[in-house]
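Visitor: Structure below; questions to follow.
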Amino acid sequence: MRLVNEDLVLVFDCGSTNIRAVAIDSTGTIKAFSSLPNSPRQQPDGKPGWLIWDLDEIWHKICETSRRVLEMVNPKNIRAVTIITWGADGAPVKRDGKLTYPPISWQCPRTKELAEKITERISAWEIYRITGYQIIPFNTLFKLMWLRKEEPEALSSAYKWLMMPGLIAHKLTGEFHIEPTSASTMMAMDLGKRDWSVEMLNLAELDSSFFPEWKEPGEILGYVTEKAARESGLTPGTPVVVGGHDTQFAIFGSGAKPGEPVLSSGTWEILGVRVDSFKPTRKGFEEGLIIEADVEANLWNPQFLMIASAVVEWVIQNFFRDIGERKYEAIIREIESVPIGSNGIIFIPSFVTESGPLRKYNTPGTILGLTLHSSRSQIIRAVFEGLTFQMREALRLLMESVGIEKVDCIRVVGGGSRNDVWNQMRADAIALPVITLAQSEAATVGAALIAFVGTNYYSSINEARKRFFSEEKVFSPDLDKNRIYNEVFKKYLRSLEALKQFYS
């Protein structure tokens with residue numbers, strides 16, 4: 001049964017684990033959605049472990065989720081379509097949009113050797129100073145360098161390079177584009193200028209002509225073609241508005257003002273902030289901070305990337321198989337049954353990326369303090385405390401690296417924002433209010449907001465924000481509990497130092 005007439009935007013939220021089509025109204029309320037799983041594939045003619053994305057399969061899933069949503073809402077009410085995806089991945093294409101090489105997944109190890117040797121040509125600090133990025137093997141520039149070395153025909157026969165939002169948008173419109181939020185994940189931009197870096201592109205023997213015209217989020221790229229309409233169920237001629245990288249849209253979609261930290265909490269957590277200048281500092285470089293282009297021009301997003309709910313899923317899989325379908329409700333009850341400090345158990349999240357706040361310790365995930373009397377309730381509580389302390393350390397380093405002297409609150413969005421017990425734990429551990437939105441899907445909502453503005457439904461972002469971000473929930477810190485958390489946090493830091501010595 002379809003819903004009554006209303007103005008909607010359809011957001012294709014394409015993550016590396018799920019592909020979703022989401023219909024959102026002009027107040028930021030999700031009216032209908034459909035989801036299908038997503039994952040990379042072994043490259044058929046590649047070495048074991050070489051992972052790629054099957055773009056035809058992704059497009060098929062986009063169309064299937066679109067048709068499902070359009071069974072619940074009227075396609076004629078869709079004012080615009082927009083796309084957000086994960087970052088770093090893209091592919092070279094011909095003029096007709098056909099791939100000359102499949103998109104290499106960020107999970108593929110083939111570029112690791114290039115990443116390890118890059119400093120023979122340019123220093124890590126110089127890369128950071130230009131691009132805002134740390135040396136991470138999945139950076140797009142390494143894929144371009146790998147193609148130049150191993151598959152040069154894929155580049156020489158290509159017309160342009162498209163990032164994932166551009167690949168999907170081309171299937172919808174036939175148009176080519178690239179936008180700064182995705183491009184800023186490539187390690188190829190002069191980020192302060194919001195343009196390409198000649199020096200970085202030279203490393204792959206490329207220049208800016210290999211990339212399509214810049215478009216900003218919110219611009220109308222083109223319109224849904226007859227072919228795309230037949231496959232997706234959309235109305236031909238529906239405007240397609242430029243979207244981009246989901247991380248920046250989550251920060252933007254949180255409603256945060258410049259200088260107000262945002263924690264996007266899901267399988268990964270990104271702690272970021274919106275700032276009005278690009279100022280890469282030695283402190284940020286040494287601590288693993290990365291900087292990306294904000295959804296709005298003249299703003300940037302310094303951020304830390306951390307492992308998060310993937311750890312919780314690991315604990316559930318290994319310790320909570322017997323709790324049935326309502327597993328999250330069950331583990332929350334068990335967390336609440338254990339006092340702060342988890343009866344002496346300390347959990348250290350694993351160091352997994354070059355942009356994490358714990359990278360200087362270089363330790364694997366560790367559980368300390370187990371005894372014969374330890375319970376799974378204590379372990380799961382320790383896991384949530386360990387992830388919370390990781391965020392607390394990231395907040396300190398973010399403020400010091402960016403030069404923020406004081407923050408009044410932290411906003412939490414994403415799936416992890418739906419856990420009230422965790423939100424209260426965060427507030428108590430950092431002695432700051434934690435603010436969540438009634439609608440936790442900040443990236444998707446932020447993309448819809450931009451699309452409504454891009455189609456002139458709203459005259460400005462500020463006007464749209466007044467309608468989109470009206471409902472908030474505030475978790476106020478308990479200062480007595482904060483004093484206890486401070487003592488536990490000291491043990492956490494001592495444990496990190498001891499592990500660093502053990503593994504060095």
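Ordered as shown in the structure tokens, chains take letters A, B, and onward, while each chain numbers its residues from 1 and ligands are numbered from 1 in the order shown.
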Pro280 in chain A: which residues within 8 Å, counting only C-alpha atoms, same-chain residues fewer than 3 positions away excluded, as a list in words?
Guide: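 Answer for this query is Tyr128, Arg129, Gly132, Gly284, Phe285 and Ile291 of chain A.
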Visitor: Using DSSP on the backbone, list every residue of range 153-272 of chain A that comes out as strand (DSSP E or B), and give them as a VMD selection string.
Guide: chain A and resid 160 to 163 178 189 to 190 195 to 196 214 220 to 223 239 to 245 262 to 265 268 to 272
Visitor: Looking at only C-alpha atoms, which of A:Asp294, A:Glu269, A:Asp246, A:Glu150 is the one that sits closest to Gly15 in chain A?
Guide: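 Selected residue with least distance to Gly15 in chain A: A:Asp246.
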Visitor: Name the residues in contact with range 257-264 of chain A at a cut-off of 10 Å, using only C-alpha atoms, excluding same-chain residues fewer than 3 positions from it; report them as number ranges by chain.
Guide: A: 247-248, 250-254, 267-276, 299-305, 391, 395, 398-399, 402-417, 434-436, 440-443
Visitor: What is the CA of Phe12 in chain A-CA of Phe142 in chain A distance in Å, reported with one decimal?
Guide: 27.2 Å
Visitor: For Gly49 in chain A, work out the shell of residues within 12 Å, counting only C-alpha atoms and skipping chain neighbours fewer than 5 positions away, then give it as a list in words.
Guide: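 Neighbouring residues, sequence-local ones excluded: Pro40, Arg41, Gln42, Gln43, Pro44, Ile104, Ser105, Trp106, Gln107, Cys108, Pro109, Arg110 and Thr111 of chain A.
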Visitor: Could you give me the residues within range 30-124 of chain A that DSSP places in helix (DSSP H, G or I), as number ranges by chain?
Guide: A: 55-70, 75-77, 112-120, 124
Visitor: Measure the distance from CA of Asn362 in chain A to CA of Tyr492 in chain A in Å and round it to one decimal.
Guide: 14.8 Å
Visitor: CA of Leu141 in chain A to CA of Ala394 in chain A: how many Å, to one decimal?
Guide: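 If I compute the distance from CA of Leu141 in chain A to CA of Ala394 in chain A, I get 26.5 Å.
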Visitor: Skip Arg194 in chain A itself and residues of its chain fewer than 4 positions away, then list as JSON, numbers by chain all residues within 12 Å of it, counting only C-alpha atoms.
Guide: {"A": [130, 131, 132, 179, 180, 181, 182, 183, 184, 188, 189, 190, 214, 215, 216, 277, 278, 291, 292, 293, 294, 295, 296, 297, 298, 299, 300]}
Visitor: Could you please take those selected residues and save N, CA and C atoms as a JSON list (two decimals), in the first residue's frame?
Guide:
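Heads up, here's the output in out_1.json:
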```json
[["chain", "number", "residue", "atom", "x", "y", "z"],
["A", 130, "ILE", "N", 49.75, 18.39, 2.22],
["A", 130, "ILE", "CA", 49.03, 18.69, 0.99],
["A", 130, "ILE", "C", 47.60, 18.16, 1.03],
["A", 131, "THR", "N", 47.46, 16.89, 1.42],
["A", 131, "THR", "CA", 46.19, 16.18, 1.24],
["A", 131, "THR", "C", 45.35, 16.04, 2.50],
["A", 132, "GLY", "N", 45.96, 16.22, 3.68],
["A", 132, "GLY", "CA", 45.25, 15.96, 4.92],
["A", 132, "GLY", "C", 45.14, 14.49, 5.26],
["A", 179, "GLU", "N", 33.15, 14.91, -7.02],
["A", 179, "GLU", "CA", 32.88, 15.96, -6.03],
["A", 179, "GLU", "C", 33.91, 15.87, -4.89],
["A", 180, "PRO", "N", 34.09, 16.96, -4.15],
["A", 180, "PRO", "CA", 35.21, 17.04, -3.20],
["A", 180, "PRO", "C", 35.14, 16.07, -2.02],
["A", 181, "THR", "N", 33.94, 15.70, -1.55],
["A", 181, "THR", "CA", 33.90, 14.84, -0.36],
["A", 181, "THR", "C", 34.51, 13.47, -0.65],
["A", 182, "SER", "N", 34.17, 12.88, -1.81],
["A", 182, "SER", "CA", 34.77, 11.60, -2.18],
["A", 182, "SER", "C", 36.22, 11.78, -2.62],
["A", 183, "ALA", "N", 36.48, 12.83, -3.40],
["A", 183, "ALA", "CA", 37.84, 13.05, -3.88],
["A", 183, "ALA", "C", 38.82, 13.28, -2.73],
["A", 184, "SER", "N", 38.34, 13.84, -1.63],
["A", 184, "SER", "CA", 39.24, 14.10, -0.50],
["A", 184, "SER", "C", 39.67, 12.82, 0.20],
["A", 188, "ALA", "N", 44.82, 12.65, -3.14],
["A", 188, "ALA", "CA", 45.25, 13.23, -4.40],
["A", 188, "ALA", "C", 44.90, 14.70, -4.53],
["A", 189, "MET", "N", 44.22, 15.26, -3.53],
["A", 189, "MET", "CA", 43.81, 16.66, -3.60],
["A", 189, "MET", "C", 44.78, 17.58, -2.87],
["A", 190, "ASP", "N", 44.87, 18.79, -3.35],
["A", 190, "ASP", "CA", 45.42, 19.89, -2.56],
["A", 190, "ASP", "C", 44.23, 20.38, -1.75],
["A", 214, "TRP", "N", 34.48, 19.13, -11.72],
["A", 214, "TRP", "CA", 34.08, 19.22, -10.32],
["A", 214, "TRP", "C", 32.60, 19.61, -10.21],
["A", 215, "LYS", "N", 31.90, 18.94, -9.32],
["A", 215, "LYS", "CA", 30.56, 19.34, -8.93],
["A", 215, "LYS", "C", 30.52, 19.40, -7.41],
["A", 216, "GLU", "N", 29.73, 20.31, -6.87],
["A", 216, "GLU", "CA", 29.58, 20.41, -5.43],
["A", 216, "GLU", "C", 28.32, 19.68, -4.97],
["A", 277, "SER", "N", 38.83, 26.18, 8.37],
["A", 277, "SER", "CA", 40.11, 26.35, 7.68],
["A", 277, "SER", "C", 40.83, 25.01, 7.63],
["A", 278, "PHE", "N", 41.69, 24.86, 6.63],
["A", 278, "PHE", "CA", 42.50, 23.65, 6.49],
["A", 278, "PHE", "C", 43.88, 23.93, 7.08],
["A", 291, "ILE", "N", 42.03, 14.52, 7.47],
["A", 291, "ILE", "CA", 41.17, 15.67, 7.19],
["A", 291, "ILE", "C", 40.52, 15.47, 5.83],
["A", 292, "GLU", "N", 39.22, 15.68, 5.76],
["A", 292, "GLU", "CA", 38.49, 15.54, 4.50],
["A", 292, "GLU", "C", 37.68, 16.79, 4.24],
["A", 293, "ALA", "N", 37.21, 16.92, 3.00],
["A", 293, "ALA", "CA", 36.41, 18.10, 2.62],
["A", 293, "ALA", "C", 34.98, 17.95, 3.13],
["A", 294, "ASP", "N", 34.47, 18.99, 3.74],
["A", 294, "ASP", "CA", 33.09, 19.00, 4.25],
["A", 294, "ASP", "C", 32.10, 19.05, 3.10],
["A", 295, "VAL", "N", 30.86, 18.71, 3.39],
["A", 295, "VAL", "CA", 29.79, 18.81, 2.41],
["A", 295, "VAL", "C", 29.66, 20.26, 1.90],
["A", 296, "GLU", "N", 29.81, 21.23, 2.81],
["A", 296, "GLU", "CA", 29.73, 22.63, 2.44],
["A", 296, "GLU", "C", 31.12, 23.16, 2.09],
["A", 297, "ALA", "N", 31.20, 23.92, 1.03],
["A", 297, "ALA", "CA", 32.47, 24.53, 0.64],
["A", 297, "ALA", "C", 32.97, 25.44, 1.76],
["A", 298, "ASN", "N", 34.29, 25.56, 1.88],
["A", 298, "ASN", "CA", 34.95, 26.41, 2.88],
["A", 298, "ASN", "C", 34.87, 25.84, 4.29],
["A", 299, "LEU", "N", 34.53, 24.53, 4.40],
["A", 299, "LEU", "CA", 34.61, 23.83, 5.67],
["A", 299, "LEU", "C", 35.35, 22.52, 5.45],
["A", 300, "TRP", "N", 36.03, 22.05, 6.51],
["A", 300, "TRP", "CA", 36.79, 20.80, 6.46],
["A", 300, "TRP", "C", 36.44, 19.94, 7.66]]
```
Visitor: List the neighbours of Ala498 in chain A out to 12 Å using only C-alpha atoms; skip same-chain residues closer than 3 positions along the sequence, and give me the result as a count of residues only.
Guide: 15
Visitor: Find the residues around Thr100 in chain A up to 9 Å (only C-alpha atoms counted), leave out those fewer than 6 positions away in its own chain, and share them as a list of chain:residue names.
Guide: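 My list of contacting residues is A:Ala91, A:Pro92, A:Val93, A:Lys94, A:Glu153, A:Ala154, A:Leu155, A:Ser157, A:Ala158.
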Visitor: Save out the residues we just selected, C-alpha atoms, as a CSV table (one decimal), in the first residue's frame.
Guide:
```
chain,number,residue,atom,x,y,z
A,91,ALA,CA,37.3,2.9,-11.3
A,92,PRO,CA,38.5,4.0,-14.8
A,93,VAL,CA,35.7,4.2,-17.4
A,94,LYS,CA,35.3,4.7,-21.1
A,153,GLU,CA,46.1,-0.2,-20.6
A,154,ALA,CA,43.2,0.2,-18.1
A,155,LEU,CA,44.3,3.9,-17.6
A,157,SER,CA,42.1,3.3,-22.6
A,158,ALA,CA,39.9,5.1,-20.1
```
Visitor: So which one's closest to Gly166 in chain A, A:Ser66, A:Ser355, A:Ser459, A:Thr85? Using only C-alpha atoms, please.
Guide: A:Thr85
Visitor: From the set A:Ile307, A:Ile127, A:Met164, A:Ile122, which residue has the shortest atom-to-atom contact distance to Asp54 in chain A, counting only C-alpha atoms?
Guide: A:Met164
Visitor: Nearest to Arg359 in chain A among A:Gly237, A:Asp478, A:Lys500, A:Gln424, with distances taken over only C-alpha atoms: which residue is it?
Guide: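 For Arg359 in chain A, the nearest of the candidates is A:Lys500.
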Visitor: Here is a test: counting only C-alpha atoms, which residue of A:Ile220, A:Ile380, A:Leu147, A:His245 is nearest to Trp314 in chain A?
Guide: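 Of A:Ile220, A:Ile380, A:Leu147, A:His245, the one nearest Trp314 in chain A, counting only C-alpha atoms, is A:Ile380.
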Visitor: So, with only C-alpha atoms as the atoms that count, which of A:Thr388, A:Thr173, A:Asn202, A:Gln378 lies closest to Lys227 in chain A?
Guide: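 That would be A:Thr173, the residue with the smallest distance to Lys227 in chain A.
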